[in-house]
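Visitor: The structure is given below, and queries will be raised subsequently.
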Amino acid sequence: MPCPHGVDIPTCFAAYNTRYTDSFYSGMKAYIMCTTLKTNPTNASKCRQCGKCEKHCPQSIAIRQELKQVAKKMENPVYKVARAISKRIGKY
């Protein structure tokens with residue numbers, strides 16, 4: 001996980017896959033809990049397309065392109081509401 005911008009690539013991909021293999025709810029829950037509700041968020045939209053991750057990937061995955069898909073599918077209105085609530089709770 002050599003992302004200099006803090007994206008937790010394996011967790012993002014795991015939650016994205018869970019969305020399709022188990023259920024929408026399970027995938028969203030995993031994504032929100034494991035990337036967004038952290039002290040330092042590690043969600044897919046933090047990717048800055050630098051490409052350093054792809055140089056280290058043993059599976060030759062087009063990580064930048066795949067992270068765009070993860071962000072598009074997982075950072076939907078449900079995600080945005082959960083993120084807003086977590087920010088609001090964090091202020092108290």
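We name chains A, B, ... following the order of the structure tokens; residues begin at 1 in each chain, and ligands are numbered from 1 as shown.
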Within 10 Å of Thr36 in chain A, counting only C-alpha atoms, which residues show up once you throw out same-chain ones fewer than 2 positions away? Write them as a compact mmCIF listing (two decimals) with C-alpha atoms, in the first residue's frame, please.
Guide:
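Ended up saving to selection-v3.txt:
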# COMPACT_ATOMS: atom_id res chain seq x y z
CA ALA A 30 -17.38 -1.78 4.93
CA TYR A 31 -16.32 1.19 2.79
CA ILE A 32 -17.69 3.82 5.16
CA MET A 33 -16.41 2.16 8.31
CA CYS A 34 -12.98 1.25 6.99
CA LYS A 38 -11.12 6.97 10.55
CA THR A 39 -9.15 9.81 12.08
CA ASN A 40 -7.44 10.18 8.69
CA PRO A 41 -9.84 9.11 5.92
CA THR A 42 -8.39 6.74 3.33
CA ASN A 43 -11.14 6.76 0.68
CA ALA A 44 -10.62 6.29 -3.06
CA TYR A 79 -21.71 7.78 1.47
CA LYS A 80 -21.99 11.57 1.48
CA ALA A 82 -22.60 9.14 6.34
CA ARG A 83 -19.53 11.34 5.89
CA SER A 86 -19.41 11.56 10.99
CA LYS A 87 -17.95 15.06 10.60
Visitor: If DSSP is run on the backbone, what residues of chain A are alpha helix (DSSP H)? A reply as a count of residues only would be ideal.
Guide: 52
Visitor: Taking only C-alpha atoms into account, name the residue in A:Cys50, A:Met28, A:Ala62, A:Leu67 that is nearest to Ile9 in chain A.
Guide: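 When distances to Ile9 in chain A are compared using only C-alpha atoms, the smallest one comes from A:Leu67.
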Visitor: Out of A:Thr35, A:Arg88, A:Lys46, A:Asp22, which residue has the shortest atom-to-atom distance to Pro10 in chain A when counting only C-alpha atoms?
Guide: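 Answer, going by the shortest atom-to-atom distance: A:Thr35.
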Visitor: Quick one: distance from CA of Arg64 in chain A to CA of Ala84 in chain A in Å, one decimal?
Guide: 25.6 Å
